[in-house]
>>> print(open('structure_27.txt').read())   # compact mmCIF, C-alpha atoms
# COMPACT_ATOMS: atom_id res chain seq x y z
CA MET A 197 9.91 136.87 78.57
CA GLY A 198 8.18 134.37 80.82
CA ALA A 199 5.12 136.61 81.12
CA MET A 200 4.86 137.09 77.35
CA ILE A 201 5.37 133.47 76.31
CA GLY A 202 3.03 132.36 79.12
CA ALA A 203 0.34 134.75 77.91
CA ALA A 204 0.76 133.41 74.37
CA TYR A 205 0.38 129.82 75.63
CA LEU A 206 -2.75 130.59 77.65
CA LEU A 207 -4.48 132.84 75.13
CA VAL A 208 -4.09 130.43 72.23
CA PHE A 209 -6.35 127.97 74.08
CA VAL A 210 -8.82 130.66 75.14
CA ALA A 211 -8.99 132.22 71.67
CA ASN A 212 -9.30 128.80 70.05
CA ALA A 213 -12.25 127.91 72.26
CA ARG A 214 -14.00 131.24 71.57
CA SER A 215 -13.18 131.86 67.90
CA GLY A 216 -11.98 128.55 66.42
CA PRO A 217 -8.61 127.45 65.05
CA THR A 218 -9.01 129.13 61.66
CA LEU A 219 -9.28 132.63 63.08
CA VAL A 220 -6.46 131.95 65.55
CA ALA A 221 -4.29 131.06 62.56
CA CYS A 222 -5.54 134.07 60.59
CA VAL A 223 -3.96 136.53 63.04
CA GLN A 224 -0.57 134.80 63.22
CA PRO A 225 0.81 136.66 60.14
CA ILE A 226 0.51 139.85 62.20
CA MET A 227 3.45 138.60 64.25
CA PRO A 228 6.29 139.57 61.86
CA VAL A 229 4.73 142.98 61.35
CA SER A 230 4.45 143.55 65.10
CA VAL A 231 8.05 142.40 65.52
CA ALA A 232 9.20 144.76 62.75
CA VAL A 233 7.40 147.74 64.30
CA MET A 234 8.60 147.01 67.84
CA SER A 235 12.15 146.36 66.63
CA TYR A 236 12.10 149.71 64.83
CA VAL A 237 10.81 151.53 67.92
CA ILE A 238 13.62 150.22 70.14
CA GLY A 239 16.28 150.62 67.46
CA LEU A 240 16.90 146.99 66.49
CA GLU A 241 15.85 147.37 62.85
CA ARG A 242 15.17 150.01 60.24
CA MET A 243 11.64 150.73 58.97
CA THR A 244 11.97 151.01 55.20
CA ARG A 245 9.21 152.08 52.82
CA VAL A 246 8.55 148.49 51.74
CA LYS A 247 8.27 147.38 55.38
CA ALA A 248 5.88 150.24 56.11
CA LEU A 249 3.78 149.26 53.07
CA GLY A 250 3.74 145.67 54.31
CA VAL A 251 2.52 146.84 57.72
CA ILE A 252 -0.38 148.71 56.11
CA VAL A 253 -1.31 145.78 53.85
CA VAL A 254 -1.23 143.30 56.76
CA PHE A 255 -3.43 145.61 58.83
CA ALA A 256 -5.99 145.83 56.01
CA GLY A 257 -5.95 142.07 55.47
CA THR A 258 -6.32 141.29 59.16
CA VAL A 259 -9.26 143.67 59.55
CA THR A 260 -10.96 141.88 56.66
CA ALA A 261 -10.14 138.36 57.88
CA LEU A 262 -11.40 139.11 61.39
CA ARG A 263 -14.37 141.11 60.08
CA ALA A 264 -13.43 143.75 62.63
CA TYR A 265 -15.99 146.06 61.04
CA GLU A 266 -18.73 143.76 62.40
CA ILE A 267 -17.80 144.23 66.06
CA PHE A 268 -20.93 146.21 66.85
CA GLN A 269 -23.24 144.26 64.54
CA THR A 270 -25.40 141.35 65.59
CA GLY A 271 -23.73 138.03 64.84
CA GLY A 272 -20.25 139.48 64.39
CA MET A 273 -17.26 138.92 66.62
CA ASN A 274 -17.25 141.00 69.75
CA PHE A 275 -14.49 143.28 70.95
CA LEU A 276 -13.25 140.75 73.54
CA ASP A 277 -12.74 138.05 70.89
CA ILE A 278 -10.63 140.35 68.73
CA PHE A 279 -8.71 141.62 71.75
CA LEU A 280 -7.83 138.05 72.80
CA LEU A 281 -6.76 137.08 69.28
CA LEU A 282 -4.49 140.09 68.87
CA SER A 283 -3.14 139.81 72.42
CA GLN A 284 -2.14 136.19 71.83
CA THR A 285 -0.18 137.02 68.69
CA ASN A 286 1.45 140.15 70.04
CA SER A 287 2.44 138.48 73.32
CA TYR A 288 4.67 136.12 71.38
CA ALA A 289 5.89 139.01 69.22
CA VAL A 290 7.06 140.82 72.36
CA TYR A 291 8.87 137.65 73.48
CA VAL A 292 10.64 137.44 70.09
CA VAL A 293 11.79 141.07 70.29
CA MET A 294 13.02 140.61 73.86
CA LEU A 295 14.86 137.45 72.81
CA GLY A 296 16.49 139.37 69.97
CA VAL A 297 17.70 142.03 72.42
CA ALA A 298 18.99 139.42 74.88
CA THR A 299 20.89 137.37 72.32
CA LYS A 300 22.74 140.44 71.03
CA THR A 301 24.85 140.19 74.19
CA TYR A 302 24.34 136.58 75.30
CA PRO A 303 24.05 134.14 72.35
CA TYR A 304 22.15 131.43 74.23
CA PRO A 305 18.62 131.36 72.75
CA LEU A 306 17.60 127.95 74.10
CA LEU A 307 18.68 128.92 77.61
CA PHE A 308 16.44 131.98 77.45
CA LEU A 309 13.61 129.84 76.05
CA PHE A 310 14.04 127.34 78.89
CA LEU A 311 14.04 130.01 81.60
CA ALA A 312 11.08 131.89 80.11
CA THR A 313 9.10 128.67 79.66
CA ALA A 314 9.90 127.52 83.21
CA VAL A 315 8.50 130.77 84.61
CA ALA A 316 5.46 130.56 82.32
CA GLU A 317 4.67 126.93 83.09
CA PHE A 318 4.90 127.52 86.84
CA VAL A 319 2.28 130.27 86.61
CA VAL A 320 0.12 128.20 84.24
CA LEU A 321 0.29 125.30 86.71
CA LEU A 322 -0.95 127.54 89.53
CA ILE A 323 -3.86 128.71 87.37
CA ALA A 324 -4.71 125.14 86.33
CA ILE A 325 -4.72 123.56 89.82
CA PRO A 326 -8.48 124.21 90.41
CA ALA A 327 -9.30 122.62 87.05
CA PHE A 328 -7.22 119.54 87.89
CA ALA A 329 -9.19 119.13 91.11
CA ARG A 330 -12.45 118.87 89.11
CA LEU A 331 -11.03 116.75 86.27
CA ASP A 332 -12.52 113.29 85.70
CA VAL A 333 -9.62 111.56 83.96
CA SER A 334 -11.75 108.59 82.89
CA ARG A 335 -13.95 110.81 80.72
CA VAL A 336 -11.06 112.35 78.76
CA PRO A 337 -10.76 110.60 75.35
CA ALA A 338 -7.47 109.24 74.10
CA SER A 339 -7.49 111.80 71.25
CA ALA A 340 -7.45 114.62 73.81
CA TRP A 341 -4.41 113.13 75.57
CA GLY A 342 -2.74 112.77 72.18
CA ALA A 343 -3.41 116.44 71.44
CA VAL A 344 -1.84 117.39 74.78
CA VAL A 345 1.28 115.35 74.02
CA PHE A 346 1.57 116.84 70.55
CA ALA A 347 1.03 120.39 71.80
CA GLY A 348 3.64 119.86 74.50
CA TRP A 349 6.35 118.26 72.41
CA GLY A 350 5.57 119.22 68.84
CA SER A 351 4.74 122.87 69.48
CA SER A 352 6.10 123.96 72.84
CA VAL A 353 9.39 122.04 72.62
CA PHE A 354 10.29 121.43 68.98
CA ALA A 355 8.71 124.41 67.19
CA HIS A 356 9.56 127.05 69.79
CA SER A 357 13.11 125.75 70.17
CA LEU A 358 13.68 126.04 66.42
CA ASN A 359 12.11 129.50 66.39
CA SER A 360 14.27 130.73 69.26
CA TRP A 361 17.39 129.34 67.59
CA ALA A 362 16.45 131.09 64.33
CA VAL A 363 15.75 134.42 66.07
CA ALA A 364 19.26 134.35 67.56
CA ARG A 365 20.80 133.75 64.12
CA VAL A 366 18.84 136.14 61.90
CA LYS A 367 16.96 138.27 64.46
CA GLY A 368 13.27 138.75 64.96
CA VAL A 369 11.31 139.47 61.78
CA LEU A 370 12.40 136.81 59.31
CA PRO A 371 11.69 133.67 61.41
CA THR A 372 8.22 134.94 62.24
CA VAL A 373 7.39 135.65 58.59
CA TYR A 374 6.77 131.96 58.03
CA SER A 375 3.82 132.11 60.41
CA GLY A 376 1.84 132.83 57.24
CA VAL A 377 2.24 129.18 56.28
CA GLN A 378 0.39 128.27 59.48
CA VAL A 379 -2.74 129.86 58.03
CA ILE A 380 -2.74 127.56 55.02
CA PHE A 381 -2.23 124.36 57.03
CA THR A 382 -4.82 125.36 59.62
CA ILE A 383 -7.47 126.09 56.99
CA VAL A 384 -6.86 122.75 55.23
CA LEU A 385 -6.80 120.70 58.46
CA SER A 386 -9.84 122.51 59.90
CA ARG A 387 -11.73 121.78 56.72
CA VAL A 388 -10.76 118.09 56.80
CA PHE A 389 -11.16 117.31 60.50
CA LEU A 390 -13.55 119.96 61.84
CA ARG A 391 -15.64 120.63 58.71
CA GLU A 392 -15.11 124.36 59.15
CA ARG A 393 -16.08 126.69 56.30
CA LEU A 394 -14.09 129.73 55.20
CA PRO A 395 -16.24 132.62 53.89
CA TRP A 396 -14.89 134.31 50.79
CA ASP A 397 -14.25 137.67 52.47
CA ARG A 398 -12.12 136.07 55.17
CA GLY A 399 -10.25 134.18 52.46
CA VAL A 400 -9.52 137.48 50.73
CA GLY A 401 -8.37 138.95 54.05
CA ILE A 402 -5.98 136.06 54.62
CA ALA A 403 -4.55 136.42 51.10
CA VAL A 404 -4.03 140.16 51.59
CA THR A 405 -2.41 139.53 54.97
CA ILE A 406 0.04 137.03 53.49
CA LEU A 407 0.84 139.53 50.70
CA GLY A 408 1.75 142.10 53.36
CA VAL A 409 3.91 139.53 55.15
CA CYS A 410 5.73 138.84 51.86
CA LEU A 411 6.46 142.56 51.50
CA VAL A 412 7.93 142.66 55.01
CA ALA A 413 9.98 139.53 54.26
CA ARG A 414 11.29 141.04 51.04
CA ALA A 415 12.33 144.22 52.81
CA LYS A 416 13.98 142.17 55.55
CA TYR A 417 15.90 140.07 53.04
CA ALA A 418 17.18 143.21 51.32
CA GLU A 419 18.94 144.08 54.58
CA THR A 420 20.77 140.74 54.87
CA PRO A 421 24.47 140.28 53.93
CA ASP A 422 23.46 137.75 51.21
CA ALA A 423 21.35 140.35 49.42
CA THR A 424 24.12 142.95 49.75
CA ARG A 425 26.70 140.57 48.25
CA ARG A 426 24.41 139.67 45.34
CA ASP A 427 23.80 143.34 44.53
CA ALA A 428 27.50 144.27 44.67
CA PRO A 429 28.53 142.69 41.28
CA SER A 430 25.65 144.38 39.43
CA ARG A 431 26.55 147.76 40.93
CA SER A 432 30.21 147.32 40.01
CA CYS A 433 29.30 146.31 36.45
CA GLY A 434 27.08 149.33 36.16
CA ALA A 435 29.91 151.54 37.35
>>> encode(input="structure_27.txt", output="structure tokens")
Amino acid sequence: MGAMIGAAYLLVFVANARSGPTLVACVQPIMPVSVAVMSYVIGLERMTRVKALGVIVVFAGTVTALRAYEIFQTGGMNFLDIFLLLSQTNSYAVYVVMLGVATKTYPYPLLFLFLATAVAEFVVLLIAIPAFARLDVSRVPASAWGAVVFAGWGSSVFAHSLNSWAVARVKGVLPTVYSGVQVIFTIVLSRVFLRERLPWDRGVGIAVTILGVCLVARAKYAETPDATRRDAPSRSCGA
């Protein structure tokens, strides 16, 4: 778990620097699909037809959003950029699946998050020591320190704690489905603060990706006890 969450932490900064925040957000909706597939492989969840359709739709949308078909064309993203983006998302997906397996026996999600994060941060600290030695603190703007504080508390502490708690309660796929909302907020904020543009084909890819995520979410909801209880009266009336 520590290795996977640490890789997700590191790669989000690397991918952001290479590809920009919009594309980093574009690949986040892959997470629930990856979790669904991995959970099916290890026997945690079923792979229904609607889930499988969602997987295919998300794949098509992500290929379009990343313009993966331009890898070997001049001016397109290169293979390393796409590999880093997908590795970042799937690293966290592996952590979520492992957390789901662990909390089946030991219902302590925040303890697992703490231990995994402690391992990850220790390794990150070792990697960062050379950079600290060259850092001129006086040249770092206040906005950068504010971003560090927000990333540490807002994302690493608050958001991941809530996500880990949710995974323990409803298991892996459903909490990660809402990563699709991250795309919308990132696009809006990148447009406002960074003046980033979103080409129409990438916009279509994002929309298709979110559609696939909705299909996976719908299939996941159909497996919940709430959906089963709601369907029971209609079946009994029909009988």
>>> residues_around(input="structure_27.txt", residues="region 302-306 of chain A", least_positions_apart="2", cutoff="7 Å", atoms="all atoms listed in the file", output="list in words")
Ala298, Thr299, Lys300, Phe308, Leu309, Phe310, Ser357, Ser360, Trp361 and Ala364 of chain A
>>> write_last_selection(input="structure_27.txt", atoms="C-alpha atoms", output="PDB file, in the coordinates of the input")
ATOM      1  CA  ALA A 298      18.990 139.420  74.880  1.00  0.00           C
ATOM      2  CA  THR A 299      20.890 137.370  72.320  1.00  0.00           C
ATOM      3  CA  LYS A 300      22.740 140.440  71.030  1.00  0.00           C
ATOM      4  CA  PHE A 308      16.440 131.980  77.450  1.00  0.00           C
ATOM      5  CA  LEU A 309      13.610 129.840  76.050  1.00  0.00           C
ATOM      6  CA  PHE A 310      14.040 127.340  78.890  1.00  0.00           C
ATOM      7  CA  SER A 357      13.110 125.750  70.170  1.00  0.00           C
ATOM      8  CA  SER A 360      14.270 130.730  69.260  1.00  0.00           C
ATOM      9  CA  TRP A 361      17.390 129.340  67.590  1.00  0.00           C
ATOM     10  CA  ALA A 364      19.260 134.350  67.560  1.00  0.00           C
TER      11      ALA A 364
END
>>> residues_around(input="structure_27.txt", residues="Leu276 (chain A)", least_positions_apart="5", cutoff="10 Å", atoms="all atoms listed in the file", output="list of chain:residue names")
A:Ala211, A:Arg214, A:Ile267, A:Leu281, A:Leu282
>>> write_last_selection(input="structure_27.txt", atoms="C-alpha atoms", output="PDB file, keeping the file's coordinate frame")
ATOM      1  CA  ALA A 211      -8.990 132.220  71.670  1.00  0.00           C
ATOM      2  CA  ARG A 214     -14.000 131.240  71.570  1.00  0.00           C
ATOM      3  CA  ILE A 267     -17.800 144.230  66.060  1.00  0.00           C
ATOM      4  CA  LEU A 281      -6.760 137.080  69.280  1.00  0.00           C
ATOM      5  CA  LEU A 282      -4.490 140.090  68.870  1.00  0.00           C
TER       6      LEU A 282
END
>>> atom_distance(input="structure_27.txt", atom1="CA of Leu280 (chain A)", atom2="CA of Thr260 (chain A)")
16.9 Å
>>> axis_aligned_box(input="structure_27.txt", around="region 207-214 of chain A", padding_each_side="8 Å", output="AutoDock Vina command-line options")
--center_x -9.0 --center_y 130.4 --center_z 72.6 --size_x 25.9 --size_y 20.9 --size_z 21.1
>>> atom_distance(input="structure_27.txt", atom1="CA of Pro217 (chain A)", atom2="CA of Thr382 (chain A)")
6.9 Å
>>> closest_residue(input="structure_27.txt", among="A:Leu295, A:Val315, A:Ala362, A:Met227", to="Val412 (chain A)", atoms="all atoms listed in the file")
A:Met227
>>> decode(input="structure_27.txt", residues="region 243-254 of chain A", atoms="all heavy atoms", output="compact mmCIF listing (two decimals), in the first residue's frame")
# COMPACT_ATOMS: atom_id res chain seq x y z
N MET A 243 -18.21 -8.70 -12.58
CA MET A 243 -18.10 -7.86 -13.77
C MET A 243 -19.34 -8.10 -14.61
O MET A 243 -19.44 -9.06 -15.36
CB MET A 243 -16.84 -8.21 -14.57
CG MET A 243 -16.69 -7.40 -15.86
SD MET A 243 -16.58 -5.62 -15.60
CE MET A 243 -14.92 -5.47 -14.94
N THR A 244 -20.34 -7.20 -14.45
CA THR A 244 -21.58 -7.33 -15.19
C THR A 244 -21.42 -6.75 -16.60
O THR A 244 -20.40 -6.13 -16.92
CB THR A 244 -22.71 -6.59 -14.47
OG1 THR A 244 -22.39 -5.19 -14.41
CG2 THR A 244 -22.86 -7.12 -13.04
N ARG A 245 -22.45 -6.92 -17.42
CA ARG A 245 -22.38 -6.40 -18.78
C ARG A 245 -22.31 -4.87 -18.81
O ARG A 245 -21.61 -4.28 -19.63
CB ARG A 245 -23.60 -6.88 -19.58
CG ARG A 245 -23.53 -8.35 -19.96
CD ARG A 245 -24.77 -8.78 -20.72
NE ARG A 245 -25.95 -8.73 -19.87
CZ ARG A 245 -27.18 -9.07 -20.26
NH1 ARG A 245 -27.38 -9.45 -21.51
NH2 ARG A 245 -28.20 -9.01 -19.42
N VAL A 246 -23.05 -4.22 -17.89
CA VAL A 246 -23.02 -2.76 -17.85
C VAL A 246 -21.65 -2.27 -17.42
O VAL A 246 -21.13 -1.28 -17.95
CB VAL A 246 -24.12 -2.22 -16.90
CG1 VAL A 246 -24.05 -0.70 -16.82
CG2 VAL A 246 -25.49 -2.67 -17.37
N LYS A 247 -21.04 -2.95 -16.44
CA LYS A 247 -19.68 -2.57 -16.03
C LYS A 247 -18.70 -2.74 -17.18
O LYS A 247 -17.85 -1.89 -17.42
CB LYS A 247 -19.22 -3.45 -14.85
CG LYS A 247 -19.65 -2.96 -13.49
CD LYS A 247 -18.98 -3.81 -12.42
CE LYS A 247 -19.53 -3.46 -11.06
NZ LYS A 247 -18.94 -4.31 -10.01
N ALA A 248 -18.82 -3.86 -17.89
CA ALA A 248 -17.91 -4.10 -19.02
C ALA A 248 -18.08 -3.03 -20.09
O ALA A 248 -17.10 -2.54 -20.66
CB ALA A 248 -18.16 -5.49 -19.60
N LEU A 249 -19.35 -2.64 -20.35
CA LEU A 249 -19.60 -1.56 -21.32
C LEU A 249 -18.98 -0.26 -20.84
O LEU A 249 -18.36 0.48 -21.63
CB LEU A 249 -21.11 -1.38 -21.52
CG LEU A 249 -21.53 -0.23 -22.44
CD1 LEU A 249 -20.98 -0.45 -23.84
CD2 LEU A 249 -23.06 -0.10 -22.46
N GLY A 250 -19.10 0.02 -19.54
CA GLY A 250 -18.49 1.23 -18.98
C GLY A 250 -16.99 1.23 -19.15
O GLY A 250 -16.38 2.26 -19.45
N VAL A 251 -16.36 0.07 -18.96
CA VAL A 251 -14.91 -0.05 -19.14
C VAL A 251 -14.52 0.32 -20.56
O VAL A 251 -13.56 1.07 -20.79
CB VAL A 251 -14.44 -1.47 -18.80
CG1 VAL A 251 -12.99 -1.68 -19.22
CG2 VAL A 251 -14.59 -1.75 -17.31
N ILE A 252 -15.26 -0.20 -21.54
CA ILE A 252 -14.96 0.07 -22.94
C ILE A 252 -15.14 1.55 -23.27
O ILE A 252 -14.31 2.17 -23.95
CB ILE A 252 -15.85 -0.80 -23.85
CG1 ILE A 252 -15.53 -2.28 -23.65
CG2 ILE A 252 -15.68 -0.41 -25.32
CD1 ILE A 252 -16.48 -3.23 -24.35
N VAL A 253 -16.24 2.14 -22.77
CA VAL A 253 -16.52 3.55 -23.04
C VAL A 253 -15.44 4.44 -22.42
O VAL A 253 -14.97 5.40 -23.04
CB VAL A 253 -17.92 3.93 -22.51
CG1 VAL A 253 -18.14 5.44 -22.62
CG2 VAL A 253 -19.00 3.19 -23.29
N VAL A 254 -15.04 4.14 -21.17
CA VAL A 254 -14.00 4.93 -20.52
C VAL A 254 -12.69 4.83 -21.29
O VAL A 254 -11.97 5.82 -21.45
CB VAL A 254 -13.81 4.47 -19.06
CG1 VAL A 254 -12.54 5.08 -18.46
CG2 VAL A 254 -15.00 4.88 -18.22
